[in-house]
Amino acid sequence: MFNKRIKIKELLSKEPAGQEVTVMGWVRTFRNNQFIALNDGSTNNNIQVVVALGSQDDELLKRITTSASLKVTGTIVPSLGKGQKMDLNATLIEILGDSDAEKYPLQPKKHSLEFLREKAHLRFRTSTFGSVFRVRHTLAFAVHKFFNEKGFVYMHTPIITASDAEGAGEMFKVTTLPVDGTAPKNEDGSINFKEDFFGRSTNLTVSGQLEGELGATAFGDIYTFGPTFRAENSNTARHLAEFWMIEPEMAFYDLEDNMNLAEEFIKYIIKYAIENNKEDLEFLAQRLAEEEKQLPQDKRSEMGLLEKLEFVLTNGFERLTYTDAIQILKDSNHNKKKKFQYEITGWGMDLQSEHERYLVEKHFKKPVILYNYPAAIKAFYMRQNDGCEAGKETVAAMDILAPGIGEIVGGSQREERQEKLERRMTEMHIPLEELWWYLDTRRFGTVPHAGFGLGFERMVQFVTGMTNIRDVIAFPRTPGSAEF
Ligand code: ATP
Ligand code: MN
């Protein structure tokens, strides 16, 4: 058997007393022809392999270069040096794979995140990305754990969808028709999708919600956790063309139940990451603190990463209506001094990310849940509230805004009343026939229900303190970029 090895994370938790072990991993550094820092990805910490002088032949020593892969057998003993608990005194070193030091793109020094994005195939071997992606894993695991413990059914909603009810114009087309102009045409010159693979026009999904509602109205509680795609041309540090979304959908929930679940969920997964990835988070906290030293004082965070996470766990999210939020923004000194790039035009306006961040970072200094938005700026399926604000209709929508990120969750109570839903769809020019299956849930045993979507990468950004969303997904897809 080849893989009889101990992972370095587990090894480092042992008391060194001369036990024999075998480790395998990649060389981080090799000093003085004597000390190898070996890493296997199980932790950011390396095991120090000590090569006794004269114990290995020179040819082999020359091949111990940065990122070469090794199998090392030896005994663990308390380290004589500072900085590590144990040494692995090598008895047998085997080179599994050479790494040409001249050609290896990453040097054992600090590289910029931008540089590493171009080397995304190798960046997992750096400490920063090792930590980020272990935390990402833990968060993903916590998502399933949370919903499983609550009895939610994990539902795999389709990636390819025919419904173009939502996000029109932001979708990636899926087709097997030729793109060289020879695709079959209708009489009016438009493409005849009846000839296409599915016999109709299809897209990559922008959300699993509509299908999720079908599940919720049978299982009670469901969640999805899968990739979603948006062809929006937003070149920001918070938008990807391919991102992962978690979308729970719950029957017998109103808006307040929805907010309660979202807040509990966010706190749960953060707590789970702190409990299970403390070392990685400490490393990332330190990294962030270093990075912020480069910033002017007023751009630095008031709290360290771990402090911020603890703060979120122990404080309730601020809940206020859209109407109250507009009032706060209007009255703010920031607005009076005309410091917003986008003017606060008043009730009915769509909030820009700078407005959301002002509320969260400057005004409340904690996560905020905004609810009851103007119907005109929200999707057709959101439940219409009784009564009006500023003479206009509102819907039972809620967005959760997080410090440093802005919108992290978007959700709502859904319109369960068939007539009201159909009236709204007609107003918004959404073809009822196309969503016949969705409307059936309102025809047959409709129930109050609600749900939300949490952008997983934004959550990972929040927990790891990474400022660019491209650094929390393995291979980012953004406008003009789909390498790897
Ligand atoms: P934004 O205003 O930030 O573009 P949105 O209103 O388009 O967000 P929703 O359609 O409500 O977002 O999607 C639900 C969640 O998915 C958002 O709260 C956010 O966390 C995440 N999200 C939306 N678009 C993207 C994207 N392009 N890349 C990464 N995450 C996204
Ligand atoms: Mn958007």
# chains A, B, ... in the order shown; residues from 1 in each chain; ligands from 1
call {"tool": "residues_around", "arguments": {"residues": "Lys271 of chain A", "least_positions_apart": "3", "cutoff": "10 Å", "atoms": "only C-alpha atoms", "output": "list in words"}}
result
Leu139, Ala142, Phe265, Ile266, Lys267, Tyr268, Ile274, Glu275, Asn276, Asn277, Leu309, Glu310, Val312 and Leu313 of chain A
call {"tool": "residues_near_ligand", "arguments": {"ligand": "ligand 2", "cutoff": "9 Å", "atoms": "only C-alpha atoms and all ligand atoms", "output": "PyMOL selection string"}}
result
chain A and resi 167+230+232+234+239
call {"tool": "residues_near_ligand", "arguments": {"ligand": "ligand 1", "cutoff": "10 Å", "atoms": "only C-alpha atoms and all ligand atoms", "output": "NGL selection string"}}
result
:A and (166-167 or 170 or 206-207 or 228-247 or 350-353 or 378-379 or 397-402 or 405-412 or 452-459 or 469-470 or 477-478)
call {"tool": "atom_distance", "arguments": {"atom1": "atom CA of Phe172 of chain A", "atom2": "atom CA of Ile159 of chain A"}}
result
11.1 Å
call {"tool": "select_by_dssp", "arguments": {"residues": "segment 124-338 of chain A", "states": "strand (DSSP E)", "output": "ChimeraX atom specification"}}
result
/A:153-154,160-161,173-174,202-204,221-229,242-251,318-321
call {"tool": "residues_around", "arguments": {"residues": "Asn385 of chain A", "least_positions_apart": "6", "cutoff": "7 Å", "atoms": "only C-alpha atoms", "output": "list in words"}}
result
Thr394, Val395 and Ala396 of chain A
call {"tool": "write_last_selection", "arguments": {"atoms": "N, CA, C and O atoms", "output": "PDB file, in the first residue's frame"}}
result
ATOM      1  N   THR A 394     -45.527  48.264  -1.037  1.00  0.00           N
ATOM      2  CA  THR A 394     -44.267  47.624  -0.645  1.00  0.00           C
ATOM      3  C   THR A 394     -44.449  46.105  -0.683  1.00  0.00           C
ATOM      4  O   THR A 394     -45.574  45.612  -0.699  1.00  0.00           O
ATOM      5  N   VAL A 395     -43.319  45.406  -0.693  1.00  0.00           N
ATOM      6  CA  VAL A 395     -43.360  43.947  -0.640  1.00  0.00           C
ATOM      7  C   VAL A 395     -42.553  43.447   0.555  1.00  0.00           C
ATOM      8  O   VAL A 395     -41.649  44.141   1.047  1.00  0.00           O
ATOM      9  N   ALA A 396     -42.881  42.236   1.010  1.00  0.00           N
ATOM     10  CA  ALA A 396     -42.235  41.647   2.183  1.00  0.00           C
ATOM     11  C   ALA A 396     -40.878  41.058   1.795  1.00  0.00           C
ATOM     12  O   ALA A 396     -40.656  39.853   1.856  1.00  0.00           O
TER      13      ALA A 396
END
call {"tool": "atom_distance", "arguments": {"atom1": "atom CA of Asp324 of chain A", "atom2": "atom CA of Val368 of chain A"}}
result
12.2 Å
call {"tool": "select_by_dssp", "arguments": {"residues": "segment 52-160 of chain A", "states": "alpha helix (DSSP H)", "output": "ChimeraX atom specification"}}
result
/A:58-62,113-118,127-149
call {"tool": "residues_around", "arguments": {"residues": "Thr161 of chain A", "least_positions_apart": "4", "cutoff": "12 Å", "atoms": "only C-alpha atoms", "output": "compact mmCIF listing (two decimals) with all heavy atoms, in the first residue's frame"}}
result
# COMPACT_ATOMS: atom_id res chain seq x y z
N THR A 157 -31.64 21.59 -7.65
CA THR A 157 -32.44 22.23 -8.69
C THR A 157 -31.63 22.28 -9.99
O THR A 157 -30.40 22.20 -9.95
CB THR A 157 -32.87 23.63 -8.24
OG1 THR A 157 -31.72 24.33 -7.78
CG2 THR A 157 -33.89 23.55 -7.11
N ALA A 165 -37.94 33.93 -16.61
CA ALA A 165 -38.82 34.87 -15.92
C ALA A 165 -38.02 35.91 -15.15
O ALA A 165 -38.42 37.06 -15.04
CB ALA A 165 -39.71 34.11 -14.96
N GLU A 166 -36.88 35.48 -14.62
CA GLU A 166 -36.13 36.38 -13.77
C GLU A 166 -34.81 36.75 -14.43
O GLU A 166 -34.25 35.97 -15.18
CB GLU A 166 -35.81 35.66 -12.45
CG GLU A 166 -36.21 36.44 -11.25
CD GLU A 166 -35.35 36.08 -10.07
OE1 GLU A 166 -35.06 34.89 -9.88
OE2 GLU A 166 -34.95 37.00 -9.37
N MET A 171 -28.61 36.33 -18.59
CA MET A 171 -28.43 34.89 -18.61
C MET A 171 -27.49 34.41 -19.71
O MET A 171 -27.40 35.02 -20.77
CB MET A 171 -29.78 34.23 -18.74
CG MET A 171 -30.56 34.37 -17.45
SD MET A 171 -32.08 33.45 -17.46
CE MET A 171 -33.02 34.46 -18.51
N PHE A 172 -26.82 33.31 -19.42
CA PHE A 172 -26.01 32.64 -20.43
C PHE A 172 -26.89 31.67 -21.18
O PHE A 172 -27.55 30.83 -20.57
CB PHE A 172 -24.86 31.87 -19.77
CG PHE A 172 -23.81 32.74 -19.17
CD1 PHE A 172 -23.80 33.01 -17.81
CD2 PHE A 172 -22.82 33.31 -19.97
CE1 PHE A 172 -22.82 33.83 -17.25
CE2 PHE A 172 -21.83 34.11 -19.41
CZ PHE A 172 -21.84 34.38 -18.05
N LYS A 173 -26.88 31.77 -22.48
CA LYS A 173 -27.67 30.85 -23.31
C LYS A 173 -27.00 29.49 -23.35
O LYS A 173 -25.78 29.40 -23.37
CB LYS A 173 -27.70 31.39 -24.75
CG LYS A 173 -28.87 32.24 -25.01
CD LYS A 173 -29.53 32.07 -26.36
CE LYS A 173 -31.03 32.17 -26.25
NZ LYS A 173 -31.63 32.41 -24.99
N VAL A 174 -27.84 28.46 -23.40
CA VAL A 174 -27.33 27.10 -23.60
C VAL A 174 -27.91 26.61 -24.91
O VAL A 174 -29.13 26.57 -25.06
CB VAL A 174 -27.77 26.17 -22.45
CG1 VAL A 174 -27.32 24.74 -22.73
CG2 VAL A 174 -27.24 26.65 -21.12
N THR A 175 -27.06 26.26 -25.85
CA THR A 175 -27.57 25.80 -27.14
C THR A 175 -26.57 24.88 -27.81
O THR A 175 -25.37 24.95 -27.54
CB THR A 175 -27.87 27.01 -28.07
OG1 THR A 175 -28.36 26.52 -29.32
CG2 THR A 175 -26.64 27.86 -28.33
N PHE A 198 -33.10 21.08 -26.74
CA PHE A 198 -34.25 20.85 -25.85
C PHE A 198 -35.58 21.20 -26.52
O PHE A 198 -36.63 21.19 -25.88
CB PHE A 198 -34.10 21.67 -24.57
CG PHE A 198 -32.91 21.25 -23.74
CD1 PHE A 198 -31.77 22.03 -23.66
CD2 PHE A 198 -32.92 20.05 -23.03
CE1 PHE A 198 -30.67 21.64 -22.91
CE2 PHE A 198 -31.83 19.65 -22.27
CZ PHE A 198 -30.70 20.44 -22.22
N ARG A 200 -36.43 24.04 -27.34
CA ARG A 200 -36.79 25.39 -26.88
C ARG A 200 -35.53 26.11 -26.45
O ARG A 200 -34.47 25.50 -26.32
CB ARG A 200 -37.78 25.30 -25.73
CG ARG A 200 -37.21 24.53 -24.55
CD ARG A 200 -38.26 24.19 -23.53
NE ARG A 200 -38.85 25.43 -23.00
CZ ARG A 200 -39.85 25.47 -22.15
NH1 ARG A 200 -40.41 24.34 -21.73
NH2 ARG A 200 -40.31 26.60 -21.69
N SER A 201 -35.68 27.39 -26.20
CA SER A 201 -34.53 28.18 -25.78
C SER A 201 -34.22 27.93 -24.30
O SER A 201 -35.12 27.90 -23.47
CB SER A 201 -34.87 29.65 -26.03
OG SER A 201 -34.08 30.46 -25.25
N THR A 202 -32.95 27.70 -23.97
CA THR A 202 -32.60 27.43 -22.57
C THR A 202 -31.40 28.26 -22.12
O THR A 202 -30.63 28.78 -22.94
CB THR A 202 -32.25 25.93 -22.38
OG1 THR A 202 -31.29 25.55 -23.36
CG2 THR A 202 -33.48 25.05 -22.47
N ASN A 203 -31.27 28.35 -20.79
CA ASN A 203 -30.22 29.19 -20.18
C ASN A 203 -29.61 28.46 -18.99
O ASN A 203 -30.18 27.50 -18.49
CB ASN A 203 -30.86 30.47 -19.62
CG ASN A 203 -31.73 31.15 -20.63
OD1 ASN A 203 -31.25 31.70 -21.61
ND2 ASN A 203 -33.04 31.06 -20.42
N LEU A 204 -28.47 29.00 -18.54
CA LEU A 204 -27.94 28.55 -17.25
C LEU A 204 -28.73 29.27 -16.15
O LEU A 204 -29.05 30.44 -16.29
CB LEU A 204 -26.45 28.90 -17.13
CG LEU A 204 -25.52 28.15 -18.08
CD1 LEU A 204 -24.08 28.62 -17.87
CD2 LEU A 204 -25.62 26.64 -17.83
N THR A 205 -29.01 28.57 -15.08
CA THR A 205 -29.88 29.13 -14.04
C THR A 205 -29.27 30.35 -13.35
O THR A 205 -28.05 30.42 -13.15
CB THR A 205 -30.23 28.05 -12.98
OG1 THR A 205 -31.16 28.61 -12.06
CG2 THR A 205 -28.99 27.59 -12.22
N VAL A 206 -30.12 31.31 -13.00
CA VAL A 206 -29.67 32.45 -12.19
C VAL A 206 -30.07 32.26 -10.73
O VAL A 206 -29.63 32.99 -9.85
CB VAL A 206 -30.23 33.80 -12.70
CG1 VAL A 206 -29.68 34.13 -14.07
CG2 VAL A 206 -31.76 33.81 -12.70
N SER A 207 -30.92 31.27 -10.48
CA SER A 207 -31.41 31.02 -9.12
C SER A 207 -32.25 29.74 -9.14
O SER A 207 -32.93 29.46 -10.12
CB SER A 207 -32.29 32.20 -8.67
OG SER A 207 -33.19 31.80 -7.66
N GLY A 208 -32.19 28.99 -8.05
CA GLY A 208 -33.00 27.77 -7.98
C GLY A 208 -34.32 28.00 -7.26
O GLY A 208 -35.05 27.05 -6.98
N GLN A 209 -34.61 29.26 -6.99
CA GLN A 209 -35.75 29.55 -6.11
C GLN A 209 -37.10 29.02 -6.59
O GLN A 209 -37.85 28.42 -5.82
CB GLN A 209 -35.87 31.05 -5.90
CG GLN A 209 -37.04 31.42 -4.99
CD GLN A 209 -37.49 32.83 -5.19
OE1 GLN A 209 -36.66 33.73 -5.30
NE2 GLN A 209 -38.79 33.06 -5.25
N LEU A 210 -37.43 29.26 -7.85
CA LEU A 210 -38.77 28.89 -8.30
C LEU A 210 -38.99 27.39 -8.16
O LEU A 210 -40.03 26.93 -7.69
CB LEU A 210 -39.01 29.36 -9.74
CG LEU A 210 -38.90 30.88 -9.97
CD1 LEU A 210 -39.36 31.22 -11.38
CD2 LEU A 210 -39.68 31.69 -8.95
N GLU A 211 -37.96 26.61 -8.52
CA GLU A 211 -38.05 25.16 -8.35
C GLU A 211 -38.02 24.82 -6.86
O GLU A 211 -38.66 23.88 -6.41
CB GLU A 211 -36.90 24.45 -9.07
CG GLU A 211 -36.98 24.50 -10.59
CD GLU A 211 -36.27 25.70 -11.20
OE1 GLU A 211 -35.87 26.62 -10.43
OE2 GLU A 211 -36.11 25.74 -12.43
N THR A 228 -24.74 29.11 -9.64
CA THR A 228 -25.66 29.96 -10.39
C THR A 228 -24.83 30.87 -11.27
O THR A 228 -23.65 31.11 -11.00
CB THR A 228 -26.54 30.80 -9.46
OG1 THR A 228 -25.71 31.38 -8.47
CG2 THR A 228 -27.61 29.97 -8.78
N PHE A 229 -25.46 31.36 -12.32
CA PHE A 229 -24.71 32.05 -13.37
C PHE A 229 -25.37 33.38 -13.72
O PHE A 229 -26.58 33.42 -13.89
CB PHE A 229 -24.67 31.16 -14.62
CG PHE A 229 -24.15 29.78 -14.31
CD1 PHE A 229 -25.00 28.78 -13.85
CD2 PHE A 229 -22.80 29.49 -14.44
CE1 PHE A 229 -24.52 27.51 -13.54
CE2 PHE A 229 -22.31 28.22 -14.14
CZ PHE A 229 -23.17 27.23 -13.69
N GLU A 434 -45.91 30.43 -19.35
CA GLU A 434 -44.59 29.82 -19.22
C GLU A 434 -44.33 29.29 -17.81
O GLU A 434 -43.59 28.34 -17.63
CB GLU A 434 -43.54 30.86 -19.56
CG GLU A 434 -42.54 30.33 -20.55
CD GLU A 434 -41.57 31.40 -20.92
OE1 GLU A 434 -40.61 31.59 -20.15
OE2 GLU A 434 -41.78 32.05 -21.96
N LEU A 435 -44.93 29.95 -16.83
CA LEU A 435 -44.72 29.53 -15.45
C LEU A 435 -45.93 28.78 -14.92
O LEU A 435 -46.21 28.82 -13.72
CB LEU A 435 -44.40 30.75 -14.58
CG LEU A 435 -43.01 31.36 -14.81
CD1 LEU A 435 -42.78 32.55 -13.90
CD2 LEU A 435 -41.92 30.32 -14.59
